[in-house]
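Trainee: One structure, as structure tokens, below. Some questions next.
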Amino acid sequence: MAPDDFAPSSELLASGPLGQADQSHALDTHAAEPIPAAARAEIERLLLSGDLFRYTAPKDAPVALLETEFAELMGSRYALAVSSCSAALFLSLKALDLPEGAKVLIPAFTFAAVPSAVVHAGCVPELVEVGEDYRVDIADFRARLPGAAAVIISHMRGHTSDMDAIMALCDAAGVPVVEDAAHSLGTLWHGRKIGTIGRVGCFSFQSYKMVNAGEGGILVTDDPEIAARAVIMSGAYEENWKKHPGLQNSFCNWQNRLPLYNLRMQNLSAAVIRPQLPLVAERVARGRAGHDHVAARLNGSALLSVPAPLAPEERAPDSIQFNLVGGWSDAEARAFQRAAKARGVSVQVFGLSEGNARAYWNWRFLGDLPDLPRTRAMLMRACDVRLPTRLSREELDFIADAILAAVADVR
Ligand SMILES: *Cc1c(COP(=O)(O)O)cnc(C)c1O
């Protein structure tokens, strides 16, 4: 079904009386976005020719066209498509040429792939406190910045930290910023595209992001040395770098002087992504309107709070986060999750689900984990609900009704 003709079934709207609703009324918020029909002809062509490797064709391979189109969309000089956003983050750090064991600041509220990319790049992540508005705590950031060689800012679930303060502090200290914009495609900050403010910006095409290719990622930068280094390390061996425009001088410096990690994207992924790029603006507009509608309804409850965006931010959400406020116990928070589930809506409290990859205490591969009381308190009461941008107003109201009724069930 195309995103725009997704209609709610009548049974989905029939929320039963208290206690009688069951999961047959559940709304499938986990289904990914369908792939536009326009992708099929190109996939068929690729299957018939077998031309799946990005560097086989002399020019205009789907991956190369994607890079040109994405760079244009973001207004960036260079783009490099890779196998995932995690790969893009890893390559960004490698391209910055940081010393072994360098300290890299990351927010304590992010996906486990972020500290993993830092470790993989031979660096040491230092976690920064995140407030109840899901944004980097600037006082803690300022205190931890001395001695850092780089910073990754995750715009977690699209929530944009104070990039004015972060860039001012980092520019003054000469520390490069990598933006993890995996889940922020389409978000604006003072009208500027998120992912283009730091030295490098990284995006994801994993299925639950704004553009769905199953897997995939891309990095953007205006810095030719970083772009050239990332291109070579992504796996542009021998003279394949000649197929990346505008970097010839930089490549000559780096050829055969960098290891190859082979994190390339293949042509089939680009064929799935390219027809979705023209849909991003529409998805962003629908996502923002849907999110703001549900947010206004949830904020009508004294026991829920949806943090407001910072003033310069225009969001591009495909999910909603809200806090349980007004003295909820763990038991009540768990009961609320169950009550919402019974009413057909899956709510995840980040810190209460076992082994959650976004709860920093589960990143045991880091060894000794610090205690970050502000972030911990936030994670224990912050709820996460997917709001795919295709949802109709009726479906959004179904979700808001279920959440508000689940609050009333418990409190
Ligand atoms: C999804 C996500 C990632 C990882 O993206 P992949 O493409 O799956 O590697 C990293 N950071 C954030 C904030 C994400 O949401």
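Naming scheme: A, B, ... for chains in displayed order of the structure tokens; residues 1 onward per chain; ligands 1 onward as shown.
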Name the residues in contact with Tyr208 (chain A) at a cut-off of 9 Å, using only C-alpha atoms, excluding same-chain residues fewer than 4 positions from it; report them as a list in words.
Mentor: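 These residues fall inside the cut-off: His30, Ala31, Ala32, Glu33, His183, Asn212, Gly214, Asp318 and Pro388 of chain A.
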Trainee: Can I get the selected residues back with N, CA and C atoms, as a PDB file, in the first residue's frame?
Mentor:
ATOM      1  N   HIS A  30       4.838  -1.181  13.868  1.00  0.00           N
ATOM      2  CA  HIS A  30       6.189  -1.688  13.577  1.00  0.00           C
ATOM      3  C   HIS A  30       6.416  -1.973  12.098  1.00  0.00           C
ATOM      4  N   ALA A  31       5.332  -2.015  11.319  1.00  0.00           N
ATOM      5  CA  ALA A  31       5.508  -2.233   9.881  1.00  0.00           C
ATOM      6  C   ALA A  31       6.350  -1.106   9.303  1.00  0.00           C
ATOM      7  N   ALA A  32       7.274  -1.459   8.430  1.00  0.00           N
ATOM      8  CA  ALA A  32       8.132  -0.443   7.809  1.00  0.00           C
ATOM      9  C   ALA A  32       7.383   0.229   6.658  1.00  0.00           C
ATOM     10  N   GLU A  33       8.011   1.247   6.112  1.00  0.00           N
ATOM     11  CA  GLU A  33       7.425   2.004   4.995  1.00  0.00           C
ATOM     12  C   GLU A  33       7.522   1.164   3.717  1.00  0.00           C
ATOM     13  N   HIS A 183      18.705   9.304  12.695  1.00  0.00           N
ATOM     14  CA  HIS A 183      17.241   9.327  12.802  1.00  0.00           C
ATOM     15  C   HIS A 183      16.714  10.754  12.658  1.00  0.00           C
ATOM     16  N   ASN A 212      13.742   3.911   4.011  1.00  0.00           N
ATOM     17  CA  ASN A 212      13.861   2.486   4.347  1.00  0.00           C
ATOM     18  C   ASN A 212      14.528   1.699   3.227  1.00  0.00           C
ATOM     19  N   GLY A 214      16.191  -1.258   4.391  1.00  0.00           N
ATOM     20  CA  GLY A 214      16.606  -2.421   5.167  1.00  0.00           C
ATOM     21  C   GLY A 214      17.863  -2.099   5.937  1.00  0.00           C
ATOM     22  N   ASP A 318       9.345  10.411  13.393  1.00  0.00           N
ATOM     23  CA  ASP A 318       8.515   9.258  13.017  1.00  0.00           C
ATOM     24  C   ASP A 318       8.255   8.400  14.251  1.00  0.00           C
ATOM     25  N   PRO A 388       4.659   5.981  12.650  1.00  0.00           N
ATOM     26  CA  PRO A 388       5.036   6.035  11.227  1.00  0.00           C
ATOM     27  C   PRO A 388       4.311   7.188  10.536  1.00  0.00           C
TER      28      PRO A 388
END
Trainee: Give the residue list for ligand 1 at 7 Å, counting only C-alpha atoms and all ligand atoms, as a ChimeraX atom specification, sorted by chain and then by residue number.
Mentor: /A:84-87,110-111,113-114,154-157,180-183,204-206,209,215-217
Trainee: For the residues selected in the previous step, produce a file with C-alpha atoms as a JSON list (two decimals), in the first residue's frame.
Mentor:
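Once written, selection-v7.json looks like this:
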[["chain", "number", "residue", "atom", "x", "y", "z"],
["A", 84, "SER", "CA", 25.10, 1.45, 7.64],
["A", 85, "CYS", "CA", 25.11, 4.60, 9.73],
["A", 86, "SER", "CA", 27.32, 2.72, 12.20],
["A", 87, "ALA", "CA", 29.85, 2.24, 9.38],
["A", 110, "THR", "CA", 22.10, 6.95, 22.22],
["A", 111, "PHE", "CA", 22.03, 3.62, 20.43],
["A", 113, "ALA", "CA", 26.12, 1.30, 17.83],
["A", 114, "VAL", "CA", 27.57, 4.73, 18.74],
["A", 154, "SER", "CA", 23.52, 11.76, 18.49],
["A", 155, "HIS", "CA", 20.30, 13.55, 17.68],
["A", 156, "MET", "CA", 18.55, 10.69, 19.42],
["A", 157, "ARG", "CA", 15.09, 9.96, 17.98],
["A", 180, "ASP", "CA", 24.91, 11.16, 14.30],
["A", 181, "ALA", "CA", 21.82, 12.18, 12.36],
["A", 182, "ALA", "CA", 20.79, 8.53, 11.79],
["A", 183, "HIS", "CA", 17.24, 9.33, 12.80],
["A", 204, "SER", "CA", 20.86, 5.68, 8.37],
["A", 205, "PHE", "CA", 18.65, 3.93, 5.79],
["A", 206, "GLN", "CA", 17.79, 1.08, 8.18],
["A", 209, "LYS", "CA", 14.38, 5.51, 9.73],
["A", 215, "GLU", "CA", 20.23, -1.45, 5.76],
["A", 216, "GLY", "CA", 22.43, 1.37, 4.56],
["A", 217, "GLY", "CA", 24.04, 4.64, 5.59]]
Trainee: Which value, in Å to one decimal, gives the distance between CA of Leu258 (chain A) and CA of Arg229 (chain A)?
Mentor: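 Separating CA of Leu258 (chain A) from CA of Arg229 (chain A) is a distance of 7.6 Å.
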Trainee: Find, counting only C-alpha atoms, the residue in A:Thr29, A:Val325, A:Lys193, A:Ala108 that gets nearest to Trp361 (chain A).
Mentor: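 Looking only at the distances to Trp361 (chain A), the closest residue turns out to be A:Ala108.
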Trainee: Based on DSSP run over this structure's backbone, return all residues of region 222-291 of chain A in alpha helix (DSSP H), as a PyMOL selection string.
Mentor: chain A and resi 224-235+248-254+267-273+280-291
Trainee: So what do you get for CA of Val130 (chain A) versus CA of Ala377 (chain A), distance-wise?
Mentor: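 So the two atoms, CA of Val130 (chain A) and CA of Ala377 (chain A), lie 9.8 Å apart.
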Trainee: Of the residues A:Ala213, A:Leu145, A:Ala150, A:Leu46, which is the one nearest to Leu277 (chain A), using only C-alpha atoms?
Mentor: A:Ala213
Trainee: Take CA of Arg411 (chain A) and CA of Tyr134 (chain A) and report the distance between them in Å, one decimal.
Mentor: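 Going from CA of Arg411 (chain A) over to CA of Tyr134 (chain A) covers 24.6 Å.
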Trainee: Give me, as a PyMOL selection string, all polymer residues having an atom no more than 12 Å from Gly147 (chain A), counting only C-alpha atoms and skipping those fewer than 2 positions away in the same chain.
Mentor: chain A and resi 101-105+124+126+141-145+149-151+170+173-175
Trainee: Got a sec: who's within 9 Å of region 245-253 of chain A, counting only C-alpha atoms, leaving out chain neighbours fewer than 5 positions off, as number ranges by chain?
Mentor: A: 77-78, 224-225, 227-229, 231-232
Trainee: Extract, using only C-alpha atoms, all DNA, RNA and protein residues at most 12 Å from Leu379 (chain A), discarding same-chain residues fewer than 2 positions from it, and format them as a ChimeraX atom specification.
Mentor: /A:108-110,129-134,321-324,330,333,348-353,356-361,372-377,381-384
Trainee: Those residues you just picked out, can you put them in a file as an mmCIF file, in the first residue's frame with C-alpha atoms?
Mentor:
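Saved to result.cif:
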data_model
loop_
_atom_site.group_PDB
_atom_site.id
_atom_site.type_symbol
_atom_site.label_atom_id
_atom_site.label_comp_id
_atom_site.auth_asym_id
_atom_site.auth_seq_id
_atom_site.Cartn_x
_atom_site.Cartn_y
_atom_site.Cartn_z
ATOM 1 C CA ALA A 108 24.809 8.782 27.376
ATOM 2 C CA PHE A 109 21.429 8.459 25.628
ATOM 3 C CA THR A 110 22.100 6.955 22.222
ATOM 4 C CA GLU A 129 24.729 13.371 30.772
ATOM 5 C CA VAL A 130 21.422 13.808 28.947
ATOM 6 C CA GLY A 131 18.475 15.685 30.498
ATOM 7 C CA GLU A 132 14.795 14.806 30.757
ATOM 8 C CA ASP A 133 14.310 16.584 27.403
ATOM 9 C CA TYR A 134 16.559 13.867 25.776
ATOM 10 C CA GLN A 321 8.847 10.217 23.278
ATOM 11 C CA PHE A 322 7.194 11.369 26.492
ATOM 12 C CA ASN A 323 7.970 11.215 30.190
ATOM 13 C CA LEU A 324 5.857 9.774 32.989
ATOM 14 C CA ASP A 330 8.571 1.332 38.591
ATOM 15 C CA ALA A 333 5.300 2.360 34.907
ATOM 16 C CA GLN A 348 8.569 1.030 25.559
ATOM 17 C CA VAL A 349 10.051 2.639 28.657
ATOM 18 C CA PHE A 350 13.725 2.778 27.631
ATOM 19 C CA GLY A 351 15.184 1.885 31.033
ATOM 20 C CA LEU A 352 12.602 -0.725 31.993
ATOM 21 C CA SER A 353 12.946 -3.112 29.061
ATOM 22 C CA ASN A 356 17.604 -2.187 25.929
ATOM 23 C CA ALA A 357 20.398 -1.114 23.560
ATOM 24 C CA ARG A 358 19.674 2.558 24.352
ATOM 25 C CA ALA A 359 20.238 2.178 28.118
ATOM 26 C CA TYR A 360 23.901 2.930 28.777
ATOM 27 C CA TRP A 361 24.221 0.441 31.641
ATOM 28 C CA LEU A 372 25.028 9.129 35.177
ATOM 29 C CA PRO A 373 22.121 9.892 37.515
ATOM 30 C CA ARG A 374 20.353 12.431 35.286
ATOM 31 C CA THR A 375 20.380 10.162 32.244
ATOM 32 C CA ARG A 376 19.394 7.162 34.355
ATOM 33 C CA ALA A 377 16.419 8.990 35.889
ATOM 34 C CA ARG A 381 10.502 7.225 32.916
ATOM 35 C CA ALA A 382 10.924 8.043 29.214
ATOM 36 C CA CYS A 383 8.463 6.274 26.892
ATOM 37 C CA ASP A 384 8.930 5.536 23.209
#
Trainee: For Leu188 (chain A), please output as a VMD selection string all residues within 9 Å (counting only C-alpha atoms; exclusion window: fewer than 2 positions along the same chain).
Mentor: chain A and resid 160 184 to 186 190 to 194 312 to 316
Trainee: Please extract the residues of region 24-148 of chain A with a backbone DSSP assignment of strand (DSSP E) and present them as a ChimeraX atom specification.
Mentor: /A:78-82,103-107,124-128,148
Trainee: Pick the closest to Asp222 (chain A) from A:Glu332, A:Glu44, A:Asp171, A:Glu72: which is it, counting only C-alpha atoms?
Mentor: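 Of the candidates, the smallest distance to Asp222 (chain A) is held by A:Glu72.
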Trainee: Please list as a PyMOL selection string every residue within 10 Å of region 406-409 of chain A, counting only C-alpha atoms and excluding residues in the same chain fewer than 3 positions away.
Mentor: chain A and resi 18-19+301+303-304+324+332-333+335-343+345+400-403
Trainee: Taking N, CA and C atoms for each residue, export the selection above as a PDB file, in the first residue's frame.
Mentor:
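Writing the result to selection08.pdb gives the following:
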ATOM      1  N   LEU A  18     -13.095  -0.523  28.828  1.00  0.00           N
ATOM      2  CA  LEU A  18     -11.966  -0.857  29.705  1.00  0.00           C
ATOM      3  C   LEU A  18     -11.886  -2.363  29.970  1.00  0.00           C
ATOM      4  N   GLY A  19     -10.733  -2.907  29.718  1.00  0.00           N
ATOM      5  CA  GLY A  19     -10.515  -4.311  30.051  1.00  0.00           C
ATOM      6  C   GLY A  19     -10.937  -5.246  28.933  1.00  0.00           C
ATOM      7  N   SER A 301      -2.599  15.591  29.740  1.00  0.00           N
ATOM      8  CA  SER A 301      -2.580  14.825  30.996  1.00  0.00           C
ATOM      9  C   SER A 301      -1.511  15.387  31.907  1.00  0.00           C
ATOM     10  N   LEU A 303      -0.035  13.764  34.037  1.00  0.00           N
ATOM     11  CA  LEU A 303       0.889  12.669  34.376  1.00  0.00           C
ATOM     12  C   LEU A 303       1.822  12.318  33.225  1.00  0.00           C
ATOM     13  N   LEU A 304       1.703  13.050  32.113  1.00  0.00           N
ATOM     14  CA  LEU A 304       2.576  12.824  30.954  1.00  0.00           C
ATOM     15  C   LEU A 304       3.174  14.159  30.523  1.00  0.00           C
ATOM     16  N   LEU A 324       6.845   9.973  31.941  1.00  0.00           N
ATOM     17  CA  LEU A 324       5.857   9.774  32.989  1.00  0.00           C
ATOM     18  C   LEU A 324       6.245  10.727  34.115  1.00  0.00           C
ATOM     19  N   GLU A 332       4.215   0.951  38.703  1.00  0.00           N
ATOM     20  CA  GLU A 332       3.161   1.660  37.960  1.00  0.00           C
ATOM     21  C   GLU A 332       3.572   1.866  36.500  1.00  0.00           C
ATOM     22  N   ALA A 333       4.834   2.161  36.283  1.00  0.00           N
ATOM     23  CA  ALA A 333       5.300   2.360  34.907  1.00  0.00           C
ATOM     24  C   ALA A 333       5.159   1.055  34.115  1.00  0.00           C
ATOM     25  N   ALA A 335       3.017  -1.350  34.801  1.00  0.00           N
ATOM     26  CA  ALA A 335       1.575  -1.590  34.633  1.00  0.00           C
ATOM     27  C   ALA A 335       1.038  -0.739  33.486  1.00  0.00           C
ATOM     28  N   PHE A 336       1.558   0.475  33.358  1.00  0.00           N
ATOM     29  CA  PHE A 336       1.138   1.367  32.262  1.00  0.00           C
ATOM     30  C   PHE A 336       1.504   0.760  30.903  1.00  0.00           C
ATOM     31  N   GLN A 337       2.718   0.196  30.797  1.00  0.00           N
ATOM     32  CA  GLN A 337       3.124  -0.449  29.534  1.00  0.00           C
ATOM     33  C   GLN A 337       2.154  -1.586  29.203  1.00  0.00           C
ATOM     34  N   ARG A 338       1.811  -2.397  30.234  1.00  0.00           N
ATOM     35  CA  ARG A 338       0.900  -3.535  29.991  1.00  0.00           C
ATOM     36  C   ARG A 338      -0.489  -3.039  29.590  1.00  0.00           C
ATOM     37  N   ALA A 339      -0.951  -1.986  30.269  1.00  0.00           N
ATOM     38  CA  ALA A 339      -2.300  -1.468  29.971  1.00  0.00           C
ATOM     39  C   ALA A 339      -2.353  -0.913  28.546  1.00  0.00           C
ATOM     40  N   ALA A 340      -1.290  -0.225  28.131  1.00  0.00           N
ATOM     41  CA  ALA A 340      -1.259   0.311  26.766  1.00  0.00           C
ATOM     42  C   ALA A 340      -1.255  -0.829  25.756  1.00  0.00           C
ATOM     43  N   LYS A 341      -0.472  -1.864  26.059  1.00  0.00           N
ATOM     44  CA  LYS A 341      -0.386  -3.034  25.175  1.00  0.00           C
ATOM     45  C   LYS A 341      -1.771  -3.662  25.015  1.00  0.00           C
ATOM     46  N   ALA A 342      -2.480  -3.810  26.142  1.00  0.00           N
ATOM     47  CA  ALA A 342      -3.822  -4.409  26.107  1.00  0.00           C
ATOM     48  C   ALA A 342      -4.757  -3.554  25.261  1.00  0.00           C
ATOM     49  N   ARG A 343      -4.483  -2.274  25.176  1.00  0.00           N
ATOM     50  CA  ARG A 343      -5.302  -1.364  24.366  1.00  0.00           C
ATOM     51  C   ARG A 343      -4.758  -1.222  22.950  1.00  0.00           C
ATOM     52  N   VAL A 345      -1.464  -0.597  21.870  1.00  0.00           N
ATOM     53  CA  VAL A 345      -0.337   0.280  21.542  1.00  0.00           C
ATOM     54  C   VAL A 345       0.893  -0.167  22.322  1.00  0.00           C
ATOM     55  N   ALA A 400      -3.268   7.933  20.796  1.00  0.00           N
ATOM     56  CA  ALA A 400      -3.373   8.883  21.914  1.00  0.00           C
ATOM     57  C   ALA A 400      -4.438   8.415  22.908  1.00  0.00           C
ATOM     58  N   ASP A 401      -5.591   7.964  22.391  1.00  0.00           N
ATOM     59  CA  ASP A 401      -6.661   7.469  23.275  1.00  0.00           C
ATOM     60  C   ASP A 401      -6.156   6.306  24.123  1.00  0.00           C
ATOM     61  N   ALA A 402      -5.445   5.370  23.479  1.00  0.00           N
ATOM     62  CA  ALA A 402      -4.972   4.177  24.198  1.00  0.00           C
ATOM     63  C   ALA A 402      -3.989   4.571  25.296  1.00  0.00           C
ATOM     64  N   ILE A 403      -3.103   5.504  25.002  1.00  0.00           N
ATOM     65  CA  ILE A 403      -2.104   5.911  26.001  1.00  0.00           C
ATOM     66  C   ILE A 403      -2.786   6.614  27.173  1.00  0.00           C
TER      67      ILE A 403
END
